[in-house]
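Enquirer: Please find one structure pasted underneath; my questions will follow.
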Amino acid sequence: MAPPGPAGAHPTPAEPLSRSIFRKFLLMLCSLLTSLYVFYCLAERCQTLAGPVVRPSGGGEEAGAPGRGALAGGPRELAVWPAAAQRKRLLQRQQRRRRRPPAPRDDGEEAAWEEEPPGLAGGPGGSGAGSSAAEAPPGTLALLLDEGSKQLPQAIIIGVKKGGTRALLEFLRVHPDVRAVGAEPHFFDRSYDKGLAWYRDLMPRTLDGQITMEKTPSYFVTREAPARISAMSKDTKLIVVVRDPVTRAISDYTQTLSKRPDIPTFESLTFKNRTTGLIDTSWSAIQIGIYAKHLEHWLRHFPIGQMLFVSGERLISDPAGELGRVQDFLGLKRIITDKHFYFNKTKGFPCLKKAEGSSKPHCLGKTKGRTHPEIDREVVRLLREFYRPFNLKFYQMTGQDFGWDG
C-alpha cells in the first residue's frame, strides 16, 4: 500500500467525483428553488414581480403609466399566457370573489343572489351547456387583473324602490359590455359632498366599448338628484323600473315589517284619518308611488327620450323582452335573451341560468319575494282610487300604459 503523498500533491481520483456530484446537487437545488419561486409568484403570493396579463388592444392604460405585463427593463409588450393558464387564473379569481363575504350595507339592501343546484334550470345540464370560466367574454380576464380604467357611469338605474331594480341590474350584468357596481352608492342623495373623484373610485374598471352603471332607487324621489346628475353629465341615460304603486307600497311595508315587527299595521299607516279616508302622502311607502310627481322634477333637467321606463311586472312575465328594450336603449347588442332565463315556480319569478362569475343557476336571494300580509280589501280599493289620476298622468308623460288600472 503506497504511503500518503506529501502536502500539495495532486488530489486523488475520488475528489473530482465528489466535487462533480456536489455541483450537480447545487444546480438541482437552485433549479428547484427557482421553480418554487415561479409557482409562488403565479399563485399571486409574490409582490415583487408583475405577472403577465392579457389585455385587448386599446385598453384603458393611461399615457405614461407603467405598463402591466411588460417585462422589467424590457419593451412595453403584452405577455400572453397560454389559454389553459388564462382559464385557470380566471377560475381562481372567480372562486375567491364568490367566497368573499358581502359588503355590509347601510341602506336596507339585502344580499341579492343565491345559488341553486345545477339541476334546477330546466334544461340538460341545468345551467346550460358549456357554462364555465373558459367561456368568459373577451376582456374579462383583463378586468379581473385590474386592467382598464374607472369611469363615471354613463347609465344609472334611478328607481324605484321595490320595483325590480336589483333584478334588472343583475340581469344586465350578464352582458359582457356592462360593468356595474353591486352595492348602491347613494352618491347623489347621501354622499354628494364627497365629490366626483370619490364617486368614480367606487366604479369598476372598464375597457373601451363597455358601459359603467350603478343603481340607487332612492334617486328617483330625491329632489336634488336630477340637477346633480345633469351637472355630472347631461348625456347620462336614466332607467326607471316602475311597478303597480299599490303592490309596490305593500311590498315596501313588508320589507320594513320583516325588520321591525312592532310597526303599526299597513292600514293605520295609509291614512291620516281612517274615517274620512284621507291618504297620508307623507308616508314614504305611499309617496314613492306618485310617479308623475317625481318625474316632473326629472324632466326639468333631462328629455323624456333620455329616460327608459321598465315595467316591473313585465320584468317578471317577460324578462327577455324587457331586457331587449334596455339593451337597445343602452346601445348594446342584444346578447341577453330567453336562453338566459328560466322561471322558478317556487319563488314566482325568473332566475338566471348562469349569472356573472358563476356557472350555476342564480335567483334573487331568500329575502326577495316575501309573502305579503293580508291587507283590508277596502284599503286596497281606496289606494287604487287615490293612485288612478297619477297613474293616468304618468302614462301620458311616458307614452306607455302600464295597465295598473285595468
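Residue numbering restarts at 1 for every chain of the C-alpha cells, chains are lettered A, B, ... in their displayed order, and ligands are numbered from 1 as they appear.
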Name the residues in contact with A:Thr222 at a cut-off of 9 Å, using only C-alpha atoms, excluding same-chain residues fewer than 6 positions from it; report them as a ChimeraX atom specification.

Expert: /A:188-189,294

Enquirer: Neighbouring residues of A:Gln400 were defined as those with any atom within 10 Å, considering only C-alpha atoms; residues of the same chain fewer than 4 positions away were excluded. Please report them as a list in words.

Expert: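 Everything that qualifies: Phe309, Val310, Ser311, Leu392, Phe394, Tyr395 and Gln396 of chain A.
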
Enquirer: Dump as a tab-separated table the rows for residues of stretch 189-236 of chain A within 12 Å of stretch 317-337 of chain A: closest atom pair and distance in Å with one decimal, only C-alpha atoms counted, ordered by chain and rising residue number.

Expert:
residue	atom	partner	partner_atom	distance
A:Gly209	CA	A:Leu332	CA	9.6
A:Gln210	CA	A:Leu332	CA	9.2
A:Ile211	CA	A:Leu330	CA	8.4
A:Thr212	CA	A:Leu330	CA	10.8
A:Met213	CA	A:Leu330	CA	10.5
A:Asp235	CA	A:Leu330	CA	11.7
A:Thr236	CA	A:Leu330	CA	10.3

Enquirer: Go ahead and write the residues just picked, all heavy atoms, as an mmCIF file, in the first residue's frame.

Expert:
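Result written to out.cif:
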data_model
loop_
_atom_site.group_PDB
_atom_site.id
_atom_site.type_symbol
_atom_site.label_atom_id
_atom_site.label_comp_id
_atom_site.auth_asym_id
_atom_site.auth_seq_id
_atom_site.Cartn_x
_atom_site.Cartn_y
_atom_site.Cartn_z
ATOM 1 N N GLY A 209 -65.505 50.564 -25.029
ATOM 2 C CA GLY A 209 -66.742 49.990 -25.538
ATOM 3 C C GLY A 209 -67.651 49.449 -24.465
ATOM 4 O O GLY A 209 -68.781 49.046 -24.755
ATOM 5 N N GLN A 210 -67.199 49.394 -23.224
ATOM 6 C CA GLN A 210 -68.043 48.912 -22.135
ATOM 7 C C GLN A 210 -68.729 50.086 -21.429
ATOM 8 O O GLN A 210 -68.224 51.205 -21.417
ATOM 9 C CB GLN A 210 -67.215 48.126 -21.120
ATOM 10 C CG GLN A 210 -66.714 46.790 -21.656
ATOM 11 C CD GLN A 210 -65.972 45.986 -20.602
ATOM 12 O OE1 GLN A 210 -65.169 46.531 -19.854
ATOM 13 N NE2 GLN A 210 -66.227 44.685 -20.544
ATOM 14 N N ILE A 211 -69.898 49.801 -20.835
ATOM 15 C CA ILE A 211 -70.690 50.815 -20.151
ATOM 16 C C ILE A 211 -70.549 50.635 -18.641
ATOM 17 O O ILE A 211 -70.646 49.523 -18.129
ATOM 18 C CB ILE A 211 -72.175 50.704 -20.550
ATOM 19 C CG1 ILE A 211 -72.371 51.121 -22.008
ATOM 20 C CG2 ILE A 211 -73.052 51.566 -19.644
ATOM 21 C CD1 ILE A 211 -73.797 50.970 -22.484
ATOM 22 N N THR A 212 -70.332 51.743 -17.945
ATOM 23 C CA THR A 212 -70.316 51.737 -16.488
ATOM 24 C C THR A 212 -71.706 52.101 -15.981
ATOM 25 O O THR A 212 -72.307 53.061 -16.455
ATOM 26 C CB THR A 212 -69.299 52.753 -15.947
ATOM 27 O OG1 THR A 212 -67.999 52.447 -16.458
ATOM 28 C CG2 THR A 212 -69.255 52.726 -14.425
ATOM 29 N N MET A 213 -72.218 51.316 -15.016
ATOM 30 C CA MET A 213 -73.561 51.557 -14.496
ATOM 31 C C MET A 213 -73.574 51.470 -12.972
ATOM 32 O O MET A 213 -72.682 50.888 -12.365
ATOM 33 C CB MET A 213 -74.552 50.531 -15.050
ATOM 34 C CG MET A 213 -74.860 50.662 -16.517
ATOM 35 S SD MET A 213 -76.216 49.539 -17.002
ATOM 36 C CE MET A 213 -77.591 50.277 -16.108
ATOM 37 N N ASP A 235 -75.616 63.828 -20.672
ATOM 38 C CA ASP A 235 -75.857 62.692 -21.565
ATOM 39 C C ASP A 235 -76.132 61.389 -20.816
ATOM 40 O O ASP A 235 -76.300 60.341 -21.447
ATOM 41 C CB ASP A 235 -74.652 62.483 -22.488
ATOM 42 C CG ASP A 235 -74.421 63.674 -23.398
ATOM 43 O OD1 ASP A 235 -75.414 64.296 -23.827
ATOM 44 O OD2 ASP A 235 -73.240 63.996 -23.669
ATOM 45 N N THR A 236 -76.160 61.440 -19.493
ATOM 46 C CA THR A 236 -76.399 60.221 -18.712
ATOM 47 C C THR A 236 -77.752 59.613 -19.065
ATOM 48 O O THR A 236 -78.766 60.307 -19.102
ATOM 49 C CB THR A 236 -76.366 60.528 -17.200
ATOM 50 O OG1 THR A 236 -75.140 61.184 -16.881
ATOM 51 C CG2 THR A 236 -76.490 59.249 -16.384
#

Enquirer: Using only C-alpha atoms, which protein or nucleic acid residues come within 8 Å of stretch 214-219 of chain A? Drop anything in the same chain fewer than 3 positions from it, and give the result as a list of chain:residue names.

Expert: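 Near neighbours after the sequence-gap exclusion: A:Pro153, A:Ala155, A:Ile156, A:Ile157, A:Ile158, A:Gly159, A:Val160, A:Lys161, A:Thr165, A:Arg166, A:Leu169, A:Ala180, A:Val181, A:Gly182, A:Glu184, A:Pro185, A:His186, A:Phe188, A:Asp189, A:Thr222, A:Ala225.
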
Enquirer: Include N, CA, C and O atoms and write out the residues we just selected as a CSV table (one decimal), in the first residue's frame.

Expert:
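See result-v2.csv below for the written result:
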chain,number,residue,atom,x,y,z
A,153,PRO,N,-70.4,56.8,-14.3
A,153,PRO,CA,-71.4,56.0,-15.0
A,153,PRO,C,-72.0,56.7,-16.2
A,153,PRO,O,-72.3,57.9,-16.1
A,155,ALA,N,-74.8,55.3,-17.5
A,155,ALA,CA,-76.2,55.0,-17.3
A,155,ALA,C,-76.4,54.7,-15.8
A,155,ALA,O,-75.6,54.1,-15.2
A,156,ILE,N,-77.6,55.1,-15.3
A,156,ILE,CA,-77.9,54.9,-13.9
A,156,ILE,C,-79.4,54.4,-13.8
A,156,ILE,O,-80.3,54.9,-14.4
A,157,ILE,N,-79.6,53.3,-13.0
A,157,ILE,CA,-80.9,52.9,-12.7
A,157,ILE,C,-81.3,53.8,-11.5
A,157,ILE,O,-80.8,53.6,-10.4
A,158,ILE,N,-82.2,54.7,-11.7
A,158,ILE,CA,-82.5,55.7,-10.6
A,158,ILE,C,-83.8,55.4,-9.8
A,158,ILE,O,-84.1,56.1,-8.8
A,159,GLY,N,-84.5,54.3,-10.1
A,159,GLY,CA,-85.7,54.0,-9.3
A,159,GLY,C,-86.4,52.8,-10.0
A,159,GLY,O,-86.1,52.4,-11.0
A,160,VAL,N,-87.5,52.4,-9.2
A,160,VAL,CA,-87.9,52.9,-7.9
A,160,VAL,C,-87.7,51.7,-6.9
A,160,VAL,O,-87.6,50.6,-7.3
A,161,LYS,N,-87.7,52.1,-5.6
A,161,LYS,CA,-87.6,51.1,-4.6
A,161,LYS,C,-88.7,50.0,-4.7
A,161,LYS,O,-89.8,50.4,-4.9
A,165,THR,N,-85.5,46.8,-9.3
A,165,THR,CA,-84.2,47.4,-9.8
A,165,THR,C,-83.0,46.4,-9.6
A,165,THR,O,-82.1,46.3,-10.4
A,166,ARG,N,-83.1,45.6,-8.5
A,166,ARG,CA,-82.0,44.7,-8.2
A,166,ARG,C,-82.0,43.6,-9.3
A,166,ARG,O,-80.9,43.2,-9.8
A,169,LEU,N,-80.6,45.0,-12.6
A,169,LEU,CA,-79.1,45.2,-12.6
A,169,LEU,C,-78.4,43.9,-12.7
A,169,LEU,O,-77.5,43.7,-13.5
A,180,ALA,N,-71.0,47.1,-13.7
A,180,ALA,CA,-71.8,47.8,-12.7
A,180,ALA,C,-71.4,47.6,-11.3
A,180,ALA,O,-70.8,46.5,-10.9
A,181,VAL,N,-71.6,48.6,-10.4
A,181,VAL,CA,-71.4,48.5,-9.0
A,181,VAL,C,-72.4,47.6,-8.4
A,181,VAL,O,-73.6,47.7,-8.7
A,182,GLY,N,-72.1,46.7,-7.5
A,182,GLY,CA,-73.0,45.8,-6.9
A,182,GLY,C,-73.9,46.5,-5.8
A,182,GLY,O,-75.1,46.5,-5.9
A,184,GLU,N,-75.4,49.7,-3.6
A,184,GLU,CA,-75.9,51.0,-4.0
A,184,GLU,C,-75.0,52.2,-3.5
A,184,GLU,O,-74.8,52.3,-2.3
A,185,PRO,N,-74.5,53.0,-4.4
A,185,PRO,CA,-73.5,54.0,-4.0
A,185,PRO,C,-74.2,55.2,-3.2
A,185,PRO,O,-73.5,55.8,-2.3
A,186,HIS,N,-75.4,55.5,-3.5
A,186,HIS,CA,-76.1,56.6,-2.8
A,186,HIS,C,-75.3,57.9,-2.8
A,186,HIS,O,-75.3,58.6,-1.9
A,188,PHE,N,-75.7,60.6,-5.1
A,188,PHE,CA,-76.4,61.8,-5.4
A,188,PHE,C,-77.5,62.2,-4.4
A,188,PHE,O,-78.1,63.2,-4.5
A,189,ASP,N,-77.7,61.3,-3.4
A,189,ASP,CA,-78.6,61.6,-2.3
A,189,ASP,C,-78.0,61.8,-1.0
A,189,ASP,O,-78.4,62.6,-0.2
A,222,THR,N,-85.5,61.8,-4.9
A,222,THR,CA,-84.6,62.8,-4.2
A,222,THR,C,-84.7,64.1,-5.1
A,222,THR,O,-84.2,64.1,-6.3
A,225,ALA,N,-81.4,65.2,-6.9
A,225,ALA,CA,-80.7,64.2,-7.7
A,225,ALA,C,-80.7,64.6,-9.2
A,225,ALA,O,-79.6,64.5,-9.9

Enquirer: For each of A:Ser282, A:Pro373, A:Thr206, A:Gly195, take the minimum atom-to-atom distance to A:Phe266, counting only C-alpha atoms, then give the residue where this is smallest.

Expert: A:Pro373

Enquirer: Choose the residue, out of A:His372, A:His297, A:Leu168, A:Arg274, that has the smallest atom-to-atom separation from A:Ser258; count only C-alpha atoms.

Expert: A:His372

Enquirer: Please, what distance in Å, to one decimal, runs between atom CA of A:Arg200 and atom CA of A:Gly312?

Expert: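 Answer for the atom CA of A:Arg200 to atom CA of A:Gly312 separation: 28.7 Å.
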
Enquirer: Residues of stretch 261-336 of chain A in strand (DSSP E) according to DSSP, as an MDAnalysis selection string?

Expert: chainID A and resid 271:273 278:279 307:311

Enquirer: Extract, using only C-alpha atoms, all DNA, RNA and protein residues at most 10 Å from A:Tyr291, discarding same-chain residues fewer than 6 positions from it, and format them as an NGL selection string.

Expert: :A and (160 or 220-221 or 242-243 or 245 or 387 or 390-391 or 393-395)

Enquirer: Residues as selected, N, CA and C atoms, written as a PDB file, in the first residue's frame, can you do that?

Expert:
ATOM      1  N   VAL A 160     -87.505  52.417  -9.241  1.00  0.00           N
ATOM      2  CA  VAL A 160     -87.915  52.867  -7.934  1.00  0.00           C
ATOM      3  C   VAL A 160     -87.720  51.739  -6.936  1.00  0.00           C
ATOM      4  N   PHE A 220     -84.713  58.545  -7.578  1.00  0.00           N
ATOM      5  CA  PHE A 220     -85.921  58.989  -8.281  1.00  0.00           C
ATOM      6  C   PHE A 220     -86.756  59.926  -7.430  1.00  0.00           C
ATOM      7  N   VAL A 221     -86.733  59.766  -6.115  1.00  0.00           N
ATOM      8  CA  VAL A 221     -87.565  60.586  -5.233  1.00  0.00           C
ATOM      9  C   VAL A 221     -86.745  61.648  -4.495  1.00  0.00           C
ATOM     10  N   VAL A 242     -90.616  50.693 -12.800  1.00  0.00           N
ATOM     11  CA  VAL A 242     -91.844  51.039 -12.077  1.00  0.00           C
ATOM     12  C   VAL A 242     -92.749  49.825 -11.951  1.00  0.00           C
ATOM     13  N   ARG A 243     -93.615  49.877 -10.951  1.00  0.00           N
ATOM     14  CA  ARG A 243     -94.477  48.752 -10.609  1.00  0.00           C
ATOM     15  C   ARG A 243     -95.797  49.311 -10.096  1.00  0.00           C
ATOM     16  N   PRO A 245     -98.252  50.917  -8.157  1.00  0.00           N
ATOM     17  CA  PRO A 245     -97.918  51.622  -6.911  1.00  0.00           C
ATOM     18  C   PRO A 245     -98.556  51.033  -5.653  1.00  0.00           C
ATOM     19  N   TYR A 387    -104.447  56.500  -6.485  1.00  0.00           N
ATOM     20  CA  TYR A 387    -103.354  56.500  -7.461  1.00  0.00           C
ATOM     21  C   TYR A 387    -103.828  56.676  -8.904  1.00  0.00           C
ATOM     22  N   PHE A 390    -102.952  59.867 -10.881  1.00  0.00           N
ATOM     23  CA  PHE A 390    -101.494  59.995 -11.017  1.00  0.00           C
ATOM     24  C   PHE A 390    -100.960  58.980 -12.031  1.00  0.00           C
ATOM     25  N   ASN A 391    -101.537  57.781 -12.021  1.00  0.00           N
ATOM     26  CA  ASN A 391    -101.119  56.763 -12.991  1.00  0.00           C
ATOM     27  C   ASN A 391    -101.415  57.207 -14.417  1.00  0.00           C
ATOM     28  N   LYS A 393    -101.751  60.202 -15.581  1.00  0.00           N
ATOM     29  CA  LYS A 393    -100.833  61.270 -15.973  1.00  0.00           C
ATOM     30  C   LYS A 393     -99.456  60.695 -16.305  1.00  0.00           C
ATOM     31  N   PHE A 394     -99.038  59.704 -15.537  1.00  0.00           N
ATOM     32  CA  PHE A 394     -97.743  59.067 -15.781  1.00  0.00           C
ATOM     33  C   PHE A 394     -97.742  58.359 -17.135  1.00  0.00           C
ATOM     34  N   TYR A 395     -98.854  57.712 -17.471  1.00  0.00           N
ATOM     35  CA  TYR A 395     -98.967  57.064 -18.783  1.00  0.00           C
ATOM     36  C   TYR A 395     -98.798  58.083 -19.902  1.00  0.00           C
TER      37      TYR A 395
END

Enquirer: For A:His301, which residue among A:Glu385, A:Glu267, A:Asp244, A:Glu224 is the nearest when counting only C-alpha atoms?

Expert: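 Of A:Glu385, A:Glu267, A:Asp244, A:Glu224, the one nearest A:His301 is A:Glu224, counting only C-alpha atoms.
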
Enquirer: Quick one, how far is atom CA of A:Leu352 from atom CA of A:Phe171?

Expert: 7.3 Å

Enquirer: What is the atom CA of A:Met307 to atom CA of A:Val240 distance in Å?

Expert: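 Calculated distance between atom CA of A:Met307 and atom CA of A:Val240 is 7.4 Å.
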
Enquirer: Please give the complete set of residues from stretch 195-387 of chain A that DSSP, run on the backbone, assigns to alpha helix (DSSP H), formatted as a VMD selection string.

Expert: chain A and resid 196 to 202 225 to 232 245 to 259 266 to 270 284 to 287 291 to 299 312 to 317 319 to 329 377 to 387

Enquirer: Using only C-alpha atoms, find the one residue out of A:Ile263, A:Val246, A:Val241, A:Ala292 that sits nearest to A:Ile316.

Expert: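 Between A:Ile263, A:Val246, A:Val241, A:Ala292, the residue approaching A:Ile316 most closely is A:Val241.
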
Enquirer: Residues within 8 Å of A:Lys162, please, as a PyMOL selection string. Count only C-alpha atoms; anything in the same chain fewer than 6 positions from it doesn't count.

Expert: chain A and resi 248+251-252

Enquirer: Next, write the just-selected residues to a file, as an mmCIF file, in the first residue's frame, keeping N, CA and C atoms as the atom set.

Expert:
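Done, and the output landed in selection.cif:
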data_model
loop_
_atom_site.group_PDB
_atom_site.id
_atom_site.type_symbol
_atom_site.label_atom_id
_atom_site.label_comp_id
_atom_site.auth_asym_id
_atom_site.auth_seq_id
_atom_site.Cartn_x
_atom_site.Cartn_y
_atom_site.Cartn_z
ATOM 1 N N ARG A 248 -96.496 47.951 -4.940
ATOM 2 C CA ARG A 248 -95.181 48.433 -4.516
ATOM 3 C C ARG A 248 -95.201 48.903 -3.062
ATOM 4 N N SER A 251 -95.329 45.943 -0.763
ATOM 5 C CA SER A 251 -94.017 45.300 -0.742
ATOM 6 C C SER A 251 -93.034 46.095 0.108
ATOM 7 N N ASP A 252 -93.092 47.412 -0.004
ATOM 8 C CA ASP A 252 -92.243 48.298 0.794
ATOM 9 C C ASP A 252 -92.519 48.080 2.284
#

Enquirer: Return the single residue from A:Ser268, A:Ser284, A:Lys237, A:Asn344 that is closest to A:Gln306, with distances computed using only C-alpha atoms.

Expert: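 Using only C-alpha atoms, A:Gln306 sits closest to A:Lys237.
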
Enquirer: Could you list, as a list in words, every residue within 12 Å of A:Ala197, counting only C-alpha atoms and ignoring same-chain residues fewer than 3 positions away?

Expert: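 My list of contacting residues is Lys150, Gln151, Leu152, Phe187, Ser191, Tyr192, Asp193, Lys194, Arg200, Asp201, Leu202, Met203 and Met232 of chain A.
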